[in-house]
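A.B. asks: File entry03.cif below, mmCIF, C-alpha atoms, pLDDT in the B column; chains and numbers go by the auth columns:
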data_entry
loop_
_atom_site.group_PDB
_atom_site.id
_atom_site.type_symbol
_atom_site.label_atom_id
_atom_site.label_comp_id
_atom_site.label_asym_id
_atom_site.label_seq_id
_atom_site.Cartn_x
_atom_site.Cartn_y
_atom_site.Cartn_z
_atom_site.B_iso_or_equiv
_atom_site.auth_seq_id
_atom_site.auth_asym_id
ATOM 1 C CA MET A 1 57.894 57.637 40.022 86.00 1 A
ATOM 2 C CA ALA A 2 59.289 54.324 41.298 85.00 2 A
ATOM 3 C CA ARG A 3 56.660 52.382 39.367 85.00 3 A
ATOM 4 C CA ARG A 4 57.437 54.301 36.180 88.00 4 A
ATOM 5 C CA LEU A 5 61.113 53.503 36.518 90.00 5 A
ATOM 6 C CA VAL A 6 60.334 49.794 36.963 87.00 6 A
ATOM 7 C CA GLU A 7 58.069 49.934 33.908 87.00 7 A
ATOM 8 C CA ALA A 8 60.894 51.498 31.926 91.00 8 A
ATOM 9 C CA GLY A 9 63.120 48.553 32.803 89.00 9 A
ATOM 10 C CA ALA A 10 65.131 49.855 35.735 89.00 10 A
ATOM 11 C CA ARG A 11 66.494 46.902 37.664 87.00 11 A
ATOM 12 C CA LEU A 12 67.056 48.845 40.884 90.00 12 A
ATOM 13 C CA VAL A 13 65.111 51.843 42.172 91.00 13 A
ATOM 14 C CA THR A 14 65.985 53.618 45.405 89.00 14 A
ATOM 15 C CA VAL A 15 63.510 56.002 46.994 87.00 15 A
ATOM 16 C CA VAL A 16 64.865 58.148 49.814 85.00 16 A
ATOM 17 C CA ASP A 17 62.463 59.755 52.249 84.00 17 A
ATOM 18 C CA THR A 18 64.206 61.935 54.802 82.00 18 A
ATOM 19 C CA GLY A 19 62.806 63.412 57.981 80.00 19 A
ATOM 20 C CA TRP A 20 62.407 60.283 60.096 82.00 20 A
ATOM 21 C CA ASP A 21 64.896 61.407 62.742 79.00 21 A
ATOM 22 C CA THR A 22 62.306 63.435 64.652 80.00 22 A
ATOM 23 C CA HIS A 23 64.289 63.916 67.916 79.00 23 A
ATOM 24 C CA GLY A 24 61.333 65.316 69.886 81.00 24 A
ATOM 25 C CA ARG A 25 57.608 64.616 69.893 84.00 25 A
ATOM 26 C CA ASN A 26 58.367 61.279 68.206 87.00 26 A
ATOM 27 C CA PHE A 27 54.977 59.668 68.761 89.00 27 A
ATOM 28 C CA GLU A 28 53.132 62.700 67.414 89.00 28 A
ATOM 29 C CA GLN A 29 55.437 63.199 64.446 88.00 29 A
ATOM 30 C CA LEU A 30 55.389 59.545 63.428 90.00 30 A
ATOM 31 C CA THR A 31 51.710 58.747 63.976 91.00 31 A
ATOM 32 C CA LEU A 32 50.330 61.991 62.579 91.00 32 A
ATOM 33 C CA HIS A 33 52.737 62.701 59.733 88.00 33 A
ATOM 34 C CA ARG A 34 55.363 60.143 58.719 90.00 34 A
ATOM 35 C CA LEU A 35 53.638 56.758 59.079 92.00 35 A
ATOM 36 C CA PRO A 36 50.319 57.646 57.392 94.00 36 A
ATOM 37 C CA LYS A 37 52.195 58.715 54.256 91.00 37 A
ATOM 38 C CA LEU A 38 54.240 55.519 54.221 91.00 38 A
ATOM 39 C CA ASN A 39 51.156 53.378 54.912 94.00 39 A
ATOM 40 C CA GLU A 40 49.475 54.961 51.911 93.00 40 A
ATOM 41 C CA ALA A 41 52.426 54.901 49.506 91.00 41 A
ATOM 42 C CA ILE A 42 53.461 51.247 49.790 91.00 42 A
ATOM 43 C CA PRO A 43 50.040 49.689 49.014 94.00 43 A
ATOM 44 C CA VAL A 44 49.562 52.111 46.094 92.00 44 A
ATOM 45 C CA LEU A 45 52.916 51.059 44.649 89.00 45 A
ATOM 46 C CA ILE A 46 52.045 47.370 45.081 91.00 46 A
ATOM 47 C CA ARG A 47 48.629 47.811 43.411 93.00 47 A
ATOM 48 C CA ASP A 48 50.197 49.703 40.509 91.00 48 A
ATOM 49 C CA LEU A 49 52.795 46.981 40.015 90.00 49 A
ATOM 50 C CA GLU A 50 50.101 44.260 40.195 93.00 50 A
ATOM 51 C CA ARG A 51 47.905 46.019 37.611 94.00 51 A
ATOM 52 C CA ARG A 52 50.798 46.277 35.211 91.00 52 A
ATOM 53 C CA GLY A 53 51.993 42.698 35.651 92.00 53 A
ATOM 54 C CA LEU A 54 55.255 43.739 37.297 89.00 54 A
ATOM 55 C CA TRP A 55 54.597 42.564 40.846 89.00 55 A
ATOM 56 C CA LYS A 56 55.918 39.016 40.443 89.00 56 A
ATOM 57 C CA ASP A 57 59.303 40.326 39.301 85.00 57 A
ATOM 58 C CA THR A 58 59.669 43.007 41.966 87.00 58 A
ATOM 59 C CA ILE A 59 61.088 43.049 45.485 89.00 59 A
ATOM 60 C CA ILE A 60 60.171 45.934 47.774 89.00 60 A
ATOM 61 C CA LEU A 61 62.418 46.587 50.753 89.00 61 A
ATOM 62 C CA VAL A 62 61.491 49.254 53.289 88.00 62 A
ATOM 63 C CA MET A 63 64.207 49.968 55.801 84.00 63 A
ATOM 64 C CA GLY A 64 65.762 52.598 57.986 80.00 64 A
ATOM 65 C CA ILE A 65 69.193 53.271 59.319 73.00 65 A
ATOM 66 C CA SER A 66 70.083 54.209 62.852 65.00 66 A
ATOM 67 C CA ALA A 67 71.453 57.717 63.232 61.00 67 A
ATOM 68 C CA ALA A 68 74.312 56.259 65.261 61.00 68 A
ATOM 69 C CA ARG A 69 75.294 53.984 62.356 56.00 69 A
ATOM 70 C CA ARG A 70 75.569 56.841 59.845 55.00 70 A
ATOM 71 C CA ARG A 71 78.637 58.389 61.450 54.00 71 A
#
Represent the structure contained in this file as structure tokens.

C.D. replies:
Amino acid sequence: MARRLVEAGARLVTVVDTGWDTHGRNFEQLTLHRLPKLNEAIPVLIRDLERRGLWKDTIILVMGISAARRR
């Protein structure tokens, strides 16, 4: 979806992926569920942008926010 929006001319695309505040069983939750999906999604997006000639004009920022900072 993000790539399609960039193709359509969107100058800013925000993708929100919730569920990172795992509280318990952090190592298991992150290594088995959350990180593999992220590690797959980012390279696919980059390859798609490269194939369509959009990579040179695109910045990708992956970040999180501390739960304590949200209050």

A.B. asks: Can you spell out as a list in words the set of residues that the PyMOL selection byres ((chain A and resi 5) around 12) selects in the structure I just provided?

C.D. replies: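 Applied to this file, the PyMOL selection byres ((chain A and resi 5) around 12) selects Met1, Ala2, Arg3, Arg4, Val6, Glu7, Ala8, Gly9, Ala10, Arg11, Leu12, Val13, Thr14, Val15, Leu45, Leu49, Leu54 and Thr58 of chain A.
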
A.B. asks: Translate the PyMOL selection byres ((chain A and resi 41) around 12) into a concrete residue list for this structure, as a ChimeraX atom specification.

C.D. replies: /A:1-3,15,17,34-40,42-48,60,62

A.B. asks: Save out the residues we just selected, C-alpha atoms, as a short mmCIF file (atom, residue, chain, number, x, y, z; two decimals), in the frame of the given file.

C.D. replies:
data_model
loop_
_atom_site.label_atom_id
_atom_site.label_comp_id
_atom_site.auth_asym_id
_atom_site.auth_seq_id
_atom_site.Cartn_x
_atom_site.Cartn_y
_atom_site.Cartn_z
CA MET A 1 57.89 57.64 40.02
CA ALA A 2 59.29 54.32 41.30
CA ARG A 3 56.66 52.38 39.37
CA VAL A 15 63.51 56.00 46.99
CA ASP A 17 62.46 59.76 52.25
CA ARG A 34 55.36 60.14 58.72
CA LEU A 35 53.64 56.76 59.08
CA PRO A 36 50.32 57.65 57.39
CA LYS A 37 52.20 58.72 54.26
CA LEU A 38 54.24 55.52 54.22
CA ASN A 39 51.16 53.38 54.91
CA GLU A 40 49.48 54.96 51.91
CA ILE A 42 53.46 51.25 49.79
CA PRO A 43 50.04 49.69 49.01
CA VAL A 44 49.56 52.11 46.09
CA LEU A 45 52.92 51.06 44.65
CA ILE A 46 52.04 47.37 45.08
CA ARG A 47 48.63 47.81 43.41
CA ASP A 48 50.20 49.70 40.51
CA ILE A 60 60.17 45.93 47.77
CA VAL A 62 61.49 49.25 53.29
#

A.B. asks: Have a look at atom CA of A:Glu28 and atom CA of A:Met63 and let me know their distance in Å, one decimal.

C.D. replies: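 Pair atom CA of A:Glu28 / atom CA of A:Met63 returns 20.5 Å.
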
A.B. asks: Suppose you want the space between atom CA of A:Asp21 and atom CA of A:His33; what is it in Å?

C.D. replies: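 Answer for the atom CA of A:Asp21 to atom CA of A:His33 separation: 12.6 Å.
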
A.B. asks: Take atom CA of A:Ile65 and atom CA of A:Leu32 and report the distance between them in Å, one decimal.

C.D. replies: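 Separation between atom CA of A:Ile65 and atom CA of A:Leu32: 21.0 Å.
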
A.B. asks: Could you please fill out stretch 24-40 of chain A with N, CA, C and O atoms and send it back as an mmCIF file, keeping the file's coordinate frame?

C.D. replies:
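Here's the written file selection.cif:
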data_model
loop_
_atom_site.group_PDB
_atom_site.id
_atom_site.type_symbol
_atom_site.label_atom_id
_atom_site.label_comp_id
_atom_site.auth_asym_id
_atom_site.auth_seq_id
_atom_site.Cartn_x
_atom_site.Cartn_y
_atom_site.Cartn_z
ATOM 1 N N GLY A 24 62.335 65.034 68.853
ATOM 2 C CA GLY A 24 61.333 65.316 69.886
ATOM 3 C C GLY A 24 59.938 65.062 69.349
ATOM 4 O O GLY A 24 59.708 65.022 68.146
ATOM 5 N N ARG A 25 59.003 64.867 70.253
ATOM 6 C CA ARG A 25 57.608 64.616 69.893
ATOM 7 C C ARG A 25 57.520 63.447 68.888
ATOM 8 O O ARG A 25 56.781 63.512 67.912
ATOM 9 N N ASN A 26 58.294 62.402 69.140
ATOM 10 C CA ASN A 26 58.367 61.279 68.206
ATOM 11 C C ASN A 26 57.016 60.656 67.915
ATOM 12 O O ASN A 26 56.678 60.424 66.750
ATOM 13 N N PHE A 27 56.257 60.336 68.970
ATOM 14 C CA PHE A 27 54.977 59.668 68.761
ATOM 15 C C PHE A 27 54.064 60.520 67.884
ATOM 16 O O PHE A 27 53.476 60.034 66.924
ATOM 17 N N GLU A 28 53.980 61.793 68.190
ATOM 18 C CA GLU A 28 53.132 62.700 67.414
ATOM 19 C C GLU A 28 53.614 62.813 65.967
ATOM 20 O O GLU A 28 52.822 62.700 65.035
ATOM 21 N N GLN A 29 54.889 63.031 65.794
ATOM 22 C CA GLN A 29 55.437 63.199 64.446
ATOM 23 C C GLN A 29 55.249 61.946 63.599
ATOM 24 O O GLN A 29 54.884 62.031 62.425
ATOM 25 N N LEU A 30 55.499 60.791 64.185
ATOM 26 C CA LEU A 30 55.389 59.545 63.428
ATOM 27 C C LEU A 30 53.936 59.175 63.148
ATOM 28 O O LEU A 30 53.578 58.856 62.021
ATOM 29 N N THR A 31 53.089 59.204 64.175
ATOM 30 C CA THR A 31 51.710 58.747 63.976
ATOM 31 C C THR A 31 50.860 59.729 63.182
ATOM 32 O O THR A 31 49.948 59.313 62.473
ATOM 33 N N LEU A 32 51.156 61.009 63.291
ATOM 34 C CA LEU A 32 50.330 61.991 62.579
ATOM 35 C C LEU A 32 50.867 62.356 61.197
ATOM 36 O O LEU A 32 50.104 62.779 60.336
ATOM 37 N N HIS A 33 52.160 62.195 60.976
ATOM 38 C CA HIS A 33 52.737 62.701 59.733
ATOM 39 C C HIS A 33 53.471 61.646 58.911
ATOM 40 O O HIS A 33 53.146 61.410 57.754
ATOM 41 N N ARG A 34 54.479 61.013 59.496
ATOM 42 C CA ARG A 34 55.363 60.143 58.719
ATOM 43 C C ARG A 34 54.704 58.805 58.350
ATOM 44 O O ARG A 34 54.706 58.415 57.197
ATOM 45 N N LEU A 35 54.177 58.099 59.339
ATOM 46 C CA LEU A 35 53.638 56.758 59.079
ATOM 47 C C LEU A 35 52.408 56.739 58.180
ATOM 48 O O LEU A 35 52.307 55.858 57.316
ATOM 49 N N PRO A 36 51.463 57.675 58.311
ATOM 50 C CA PRO A 36 50.319 57.646 57.392
ATOM 51 C C PRO A 36 50.726 57.766 55.924
ATOM 52 O O PRO A 36 50.158 57.088 55.063
ATOM 53 N N LYS A 37 51.726 58.572 55.638
ATOM 54 C CA LYS A 37 52.195 58.715 54.256
ATOM 55 C C LYS A 37 52.826 57.424 53.756
ATOM 56 O O LYS A 37 52.584 57.004 52.620
ATOM 57 N N LEU A 38 53.621 56.786 54.602
ATOM 58 C CA LEU A 38 54.240 55.519 54.221
ATOM 59 C C LEU A 38 53.178 54.436 54.049
ATOM 60 O O LEU A 38 53.207 53.666 53.089
ATOM 61 N N ASN A 39 52.224 54.382 54.975
ATOM 62 C CA ASN A 39 51.156 53.378 54.912
ATOM 63 C C ASN A 39 50.257 53.561 53.705
ATOM 64 O O ASN A 39 49.562 52.633 53.297
ATOM 65 N N GLU A 40 50.237 54.725 53.140
ATOM 66 C CA GLU A 40 49.475 54.961 51.911
ATOM 67 C C GLU A 40 50.319 54.644 50.671
ATOM 68 O O GLU A 40 49.833 54.050 49.718
#
